>>> print(open('model_4.tsv').read())   # TSV, C-alpha atoms
chain	number	residue	atom	x	y	z
A	1	MET	CA	-7.82	17.30	23.14
A	2	ASP	CA	-11.20	16.64	21.55
A	3	SER	CA	-13.41	14.07	23.21
A	4	THR	CA	-13.59	11.34	20.58
A	5	PRO	CA	-14.03	7.58	21.25
A	6	GLY	CA	-10.67	6.61	19.73
A	7	LEU	CA	-8.85	9.37	21.60
A	8	GLU	CA	-10.46	8.50	24.93
A	9	VAL	CA	-9.46	4.84	24.59
A	10	TYR	CA	-5.93	5.88	23.61
A	11	GLU	CA	-5.63	8.14	26.67
A	12	SER	CA	-6.83	5.30	28.90
A	13	TYR	CA	-4.11	3.01	27.51
A	14	GLU	CA	-1.59	5.82	27.86
A	15	ALA	CA	-2.43	6.24	31.55
A	16	ASP	CA	-1.92	2.49	32.10
A	17	TYR	CA	1.38	2.63	30.23
A	18	LYS	CA	2.67	5.56	32.28
A	19	THR	CA	1.83	3.71	35.50
A	20	LEU	CA	3.75	0.64	34.29
A	21	ALA	CA	6.67	2.74	33.03
A	22	ALA	CA	6.93	4.50	36.39
A	23	SER	CA	6.94	1.13	38.18
A	24	ILE	CA	9.61	-0.26	35.83
A	25	GLY	CA	11.81	2.82	36.17
A	26	SER	CA	11.49	2.76	39.96
A	27	LYS	CA	12.48	-0.92	40.18
A	28	LEU	CA	15.45	-0.45	37.84
A	29	LYS	CA	16.78	2.46	39.90
A	30	GLY	CA	16.07	0.85	43.25
A	31	GLU	CA	15.51	-2.86	43.92
A	32	ALA	CA	17.24	-4.13	40.77
A	33	ARG	CA	20.50	-2.38	41.73
A	34	GLU	CA	20.31	-2.70	45.49
A	35	THR	CA	19.65	-6.46	45.64
A	36	LYS	CA	21.86	-9.38	44.71
A	37	GLY	CA	21.51	-13.03	43.72
A	38	GLU	CA	18.04	-14.57	43.64
A	39	ALA	CA	16.42	-11.42	45.01
A	40	ARG	CA	17.70	-9.44	42.02
A	41	LYS	CA	16.60	-12.16	39.62
A	42	GLY	CA	13.10	-12.04	41.12
A	43	VAL	CA	12.98	-8.26	40.66
A	44	LEU	CA	14.19	-8.61	37.08
A	45	ARG	CA	11.52	-11.22	36.34
A	46	ARG	CA	8.81	-8.87	37.61
A	47	ILE	CA	10.23	-6.06	35.49
A	48	GLU	CA	10.24	-8.34	32.42
A	49	MET	CA	6.56	-9.18	32.98
A	50	GLU	CA	5.76	-5.49	33.25
A	51	LEU	CA	7.73	-4.85	30.07
A	52	GLU	CA	5.68	-7.50	28.24
A	53	GLU	CA	2.48	-5.86	29.43
A	54	ALA	CA	3.81	-2.44	28.39
A	55	ASP	CA	4.55	-3.82	24.91
A	56	GLU	CA	0.95	-5.05	24.63
A	57	ILE	CA	-0.40	-1.67	25.73
A	58	ILE	CA	1.80	0.09	23.15
A	59	GLU	CA	0.37	-2.21	20.45
A	60	GLN	CA	-3.18	-1.30	21.51
A	61	MET	CA	-2.25	2.39	21.49
A	62	GLU	CA	-0.94	2.02	17.92
A	63	VAL	CA	-4.29	0.52	16.90
A	64	GLU	CA	-6.26	3.36	18.53
A	65	VAL	CA	-4.05	6.04	16.90
A	66	GLN	CA	-5.39	4.94	13.50
A	67	SER	CA	-8.93	5.94	14.52
A	68	VAL	CA	-8.20	9.48	15.77
A	69	GLY	CA	-8.36	12.63	13.65
A	70	LYS	CA	-5.46	13.84	11.54
A	71	GLU	CA	-4.96	16.84	13.82
A	72	HIS	CA	-3.95	14.48	16.67
A	73	LYS	CA	-2.41	11.50	14.85
A	74	SER	CA	1.06	12.92	14.15
A	75	LYS	CA	1.49	14.17	17.73
A	76	LEU	CA	0.43	10.81	19.20
A	77	GLN	CA	2.75	8.92	16.85
A	78	VAL	CA	5.69	11.02	18.09
A	79	LYS	CA	4.76	10.15	21.68
A	80	LEU	CA	4.52	6.45	20.77
A	81	ARG	CA	8.02	6.51	19.31
A	82	SER	CA	9.26	8.08	22.55
A	83	TYR	CA	7.53	5.38	24.62
A	84	LYS	CA	9.06	2.65	22.46
A	85	SER	CA	12.48	4.21	22.90
A	86	ASP	CA	11.99	4.21	26.70
A	87	LEU	CA	10.97	0.53	26.65
A	88	ALA	CA	14.02	-0.36	24.55
A	89	ARG	CA	16.23	1.41	27.10
A	90	TYR	CA	14.55	-0.41	29.98
A	91	LYS	CA	15.04	-3.75	28.24
A	92	SER	CA	18.71	-2.97	27.69
A	93	GLU	CA	19.13	-2.14	31.39
A	94	VAL	CA	17.39	-5.38	32.39
A	95	LYS	CA	19.65	-7.37	30.07
A	96	SER	CA	22.74	-5.68	31.51
A	97	LEU	CA	21.63	-6.30	35.11
A	98	ARG	CA	20.81	-9.94	34.36
A	99	SER	CA	24.21	-10.46	32.75
A	100	SER	CA	25.85	-8.88	35.78
A	101	SER	CA	23.85	-11.12	38.12
A	102	ASP	CA	24.76	-14.24	36.13
A	103	ARG	CA	28.40	-13.23	36.17
A	104	ASP	CA	28.30	-12.75	39.95
A	105	ASP	CA	26.74	-16.20	40.38
A	106	LEU	CA	29.43	-17.76	38.22
A	107	LEU	CA	32.25	-16.05	40.13
A	108	SER	CA	30.76	-17.00	43.52
A	109	GLY	CA	30.55	-20.65	42.48
A	110	GLY	CA	26.75	-20.97	42.30
A	111	ARG	CA	23.92	-20.43	44.67
A	112	TYR	CA	25.30	-22.56	47.51
A	113	ARG	CA	28.94	-23.01	48.44
A	114	ASP	CA	30.41	-26.03	50.18
A	115	THR	CA	30.95	-23.89	53.27
A	116	ASP	CA	27.28	-23.02	53.57
A	117	SER	CA	25.80	-24.07	56.87
A	118	PRO	CA	22.41	-25.87	57.24
A	119	SER	CA	20.90	-22.64	58.56
A	120	ASP	CA	22.12	-20.84	55.43
A	121	LEU	CA	20.54	-23.54	53.26
A	122	GLU	CA	17.24	-23.27	55.15
A	123	SER	CA	17.37	-19.48	54.80
A	124	GLY	CA	18.00	-19.82	51.07
A	125	THR	CA	15.11	-22.28	50.73
A	126	SER	CA	12.74	-19.94	52.60
A	127	GLN	CA	13.86	-17.05	50.45
A	128	ALA	CA	13.29	-19.10	47.28
A	129	GLN	CA	9.81	-20.09	48.47
A	130	ARG	CA	8.99	-16.49	49.33
A	131	GLN	CA	10.29	-15.41	45.93
A	132	ARG	CA	8.11	-18.00	44.17
A	133	LEU	CA	5.12	-16.82	46.20
A	134	LEU	CA	5.79	-13.22	45.20
A	135	GLN	CA	6.10	-14.27	41.57
A	136	GLY	CA	2.81	-16.16	41.76
A	137	THR	CA	1.11	-13.13	43.32
A	138	ASP	CA	2.53	-10.86	40.61
A	139	LYS	CA	1.31	-13.22	37.87
A	140	LEU	CA	-2.16	-13.37	39.45
A	141	GLN	CA	-2.34	-9.58	39.66
A	142	ASP	CA	-1.11	-9.30	36.09
A	143	SER	CA	-3.74	-11.78	34.88
A	144	THR	CA	-6.45	-9.94	36.82
A	145	ARG	CA	-5.36	-6.62	35.33
A	146	ARG	CA	-5.40	-8.04	31.82
A	147	LEU	CA	-8.83	-9.58	32.35
A	148	GLU	CA	-10.22	-6.27	33.59
A	149	GLU	CA	-8.65	-4.48	30.62
A	150	SER	CA	-10.14	-7.00	28.19
A	151	ASN	CA	-13.56	-6.62	29.81
A	152	ARG	CA	-13.32	-2.82	29.62
A	153	LEU	CA	-12.29	-2.98	25.98
A	154	ALA	CA	-15.19	-5.32	25.19
A	155	LEU	CA	-17.67	-2.93	26.85
A	156	GLU	CA	-16.22	0.04	24.97
A	157	THR	CA	-16.41	-1.88	21.70
A	158	GLU	CA	-20.04	-2.77	22.44
A	159	ASP	CA	-20.88	0.89	23.13
A	160	ILE	CA	-19.17	1.99	19.91
A	161	GLY	CA	-21.03	-0.69	17.93
A	162	ALA	CA	-24.36	0.41	19.42
A	163	GLY	CA	-23.59	4.01	18.53
A	164	ILE	CA	-22.78	3.06	14.94
A	165	LEU	CA	-26.04	1.09	14.63
A	166	ASN	CA	-28.02	4.05	15.96
A	167	ASN	CA	-26.31	6.37	13.46
A	168	LEU	CA	-27.06	3.99	10.60
A	169	ARG	CA	-30.69	3.72	11.69
A	170	GLY	CA	-31.00	7.50	11.78
A	171	GLN	CA	-29.40	7.83	8.34
A	172	ARG	CA	-31.81	5.25	6.92
A	173	GLU	CA	-34.78	7.17	8.30
A	174	GLN	CA	-33.42	10.38	6.80
A	175	ILE	CA	-32.99	8.72	3.40
A	176	GLU	CA	-36.54	7.33	3.51
A	177	SER	CA	-37.91	10.74	4.49
A	178	THR	CA	-35.96	12.42	1.68
A	179	ARG	CA	-37.24	9.83	-0.80
A	180	ASP	CA	-40.86	10.47	0.27
A	181	THR	CA	-40.31	14.23	-0.03
A	182	LEU	CA	-38.89	13.83	-3.54
A	183	TYR	CA	-41.82	11.61	-4.51
A	184	ARG	CA	-44.34	14.21	-3.29
A	185	ALA	CA	-42.41	17.00	-5.03
A	186	ASP	CA	-42.42	14.99	-8.27
A	187	ASN	CA	-46.21	14.55	-8.03
A	188	SER	CA	-46.65	18.26	-7.36
A	189	ILE	CA	-44.53	19.12	-10.40
A	190	ASP	CA	-46.62	16.78	-12.56
A	191	ARG	CA	-49.86	18.41	-11.37
A	192	ALA	CA	-48.45	21.90	-11.88
A	193	SER	CA	-47.31	20.96	-15.38
A	194	GLY	CA	-50.81	19.68	-16.26
A	195	THR	CA	-52.43	22.85	-14.89
A	196	LEU	CA	-50.03	25.03	-16.86
A	197	LYS	CA	-50.81	23.15	-20.08
A	198	GLN	CA	-54.53	23.62	-19.49
A	199	MET	CA	-54.04	27.34	-18.91
A	200	ILE	CA	-52.04	27.69	-22.14
A	201	ARG	CA	-54.70	25.79	-24.07
A	202	ARG	CA	-57.46	28.01	-22.68
A	203	MET	CA	-55.44	31.11	-23.52
A	204	TYR	CA	-55.20	30.05	-27.15
A	205	GLN	CA	-58.91	29.26	-27.18
A	206	GLN	CA	-59.71	32.71	-25.79
A	207	ARG	CA	-57.48	34.33	-28.40
A	208	ILE	CA	-59.36	32.51	-31.20
A	209	VAL	CA	-62.77	33.49	-29.76
A	210	THR	CA	-61.63	37.10	-29.39
A	211	GLY	CA	-60.36	37.10	-33.00
A	212	LEU	CA	-63.67	35.76	-34.27
A	213	ILE	CA	-65.62	38.38	-32.31
A	214	ILE	CA	-63.44	41.16	-33.73
A	215	ALA	CA	-63.87	39.76	-37.25
A	216	VAL	CA	-67.68	39.67	-36.83
A	217	LEU	CA	-67.71	43.24	-35.51
A	218	VAL	CA	-65.58	44.47	-38.39
A	219	ALA	CA	-67.90	42.68	-40.86
A	220	LEU	CA	-70.96	44.27	-39.25
A	221	ILE	CA	-69.40	47.72	-39.41
A	222	ILE	CA	-68.58	47.24	-43.06
A	223	ILE	CA	-72.15	46.06	-43.76
A	224	VAL	CA	-73.63	49.09	-41.94
A	225	ILE	CA	-71.42	51.52	-43.78
A	226	TRP	CA	-72.19	49.84	-47.12
A	227	SER	CA	-75.91	49.96	-46.49
A	228	LYS	CA	-75.81	53.71	-45.74
A	229	PHE	CA	-73.91	54.76	-48.81
A	230	PHE	CA	-75.16	52.27	-51.34
>>> encode(input="model_4.tsv", output="structure tokens")
Amino acid sequence: MDSTPGLEVYESYEADYKTLAASIGSKLKGEARETKGEARKGVLRRIEMELEEADEIIEQMEVEVQSVGKEHKSKLQVKLRSYKSDLARYKSEVKSLRSSSDRDDLLSGGRYRDTDSPSDLESGTSQAQRQRLLQGTDKLQDSTRRLEESNRLALETEDIGAGILNNLRGQREQIESTRDTLYRADNSIDRASGTLKQMIRRMYQQRIVTGLIIAVLVALIIIVIWSKFF
């Protein structure tokens, strides 16, 4: 593809999306189906956060598509529709797995049964704490990633703005130079017009003088001839 600012930004978002999509697909095929209870719920929550981030990236990609050339826009829009379809499928799988997990919890009588031993309760508490810690770590990483992305976008926007200002400055200089050239050309045309008028006036004057000289010569010839014969 051509190296244009809008296309480069789009491809950067696309790379981030593909990384997220791969992570989501891997979790749905692996952890989300292999785990049960709170562990599965934790995996599903992480997948949902990744899906939210993927939705935001898709929105940014849609914005960038509007700034690329027509020769690329239709192809990129087709890819965006495919990405949206994949996200919809992932969301449907998450919803199905969550419903299955809720149904399992209901059938098992909740998180803790009356027959649970103290050691089982302590194990469940440790697992819940570990799960909350993992969730907090995931949220922190997600926030860090978003902050870095926002900073990168701001820098790219600043570079684009600086480029536009430089282009406008160059165009202004070209316009001023063209205006000066036209002004000088107009002055040259005026001078040439004046010179041409003077030349025409002198030509007419020379024609009159030449006519007078011829008339005088003819008169002299007539006088000479008249004097000889009469």
>>> closest_residue(input="model_4.tsv", among="A:Ser143, A:Ser12, A:Thr35, A:Ser96", to="Glu50 of chain A", atoms="only C-alpha atoms")
A:Ser143
>>> closest_residue(input="model_4.tsv", among="A:Glu156, A:Glu34, A:Glu62, A:Glu148", to="Gln77 of chain A", atoms="only C-alpha atoms")
A:Glu62
>>> closest_residue(input="model_4.tsv", among="A:Leu87, A:Glu14, A:Leu28, A:Ala39", to="Gln129 of chain A", atoms="all atoms listed in the file")
A:Ala39
>>> atom_distance(input="model_4.tsv", atom1="atom CA of Lys79 of chain A", atom2="atom CA of Leu155 of chain A")
26.5 Å
>>> axis_aligned_box(input="model_4.tsv", around="segment 202-205 of chain A", padding_each_side="3 Å", output="AutoDock Vina command-line options")
--center_x -57.1 --center_y 29.6 --center_z -24.9 --size_x 9.7 --size_y 9.1 --size_z 10.5
>>> residues_around(input="model_4.tsv", residues="Ser85 of chain A", least_positions_apart="5", cutoff="12 Å", atoms="only C-alpha atoms", output="JSON, numbers by chain")
{"A": [21, 55, 58, 78, 79, 80, 90, 91, 92]}
>>> closest_residue(input="model_4.tsv", among="A:Tyr10, A:Tyr17, A:Phe229, A:Tyr83", to="Glu53 of chain A", atoms="all atoms listed in the file")
A:Tyr17
>>> atom_distance(input="model_4.tsv", atom1="atom CA of Val9 of chain A", atom2="atom CA of Gln171 of chain A")
25.9 Å
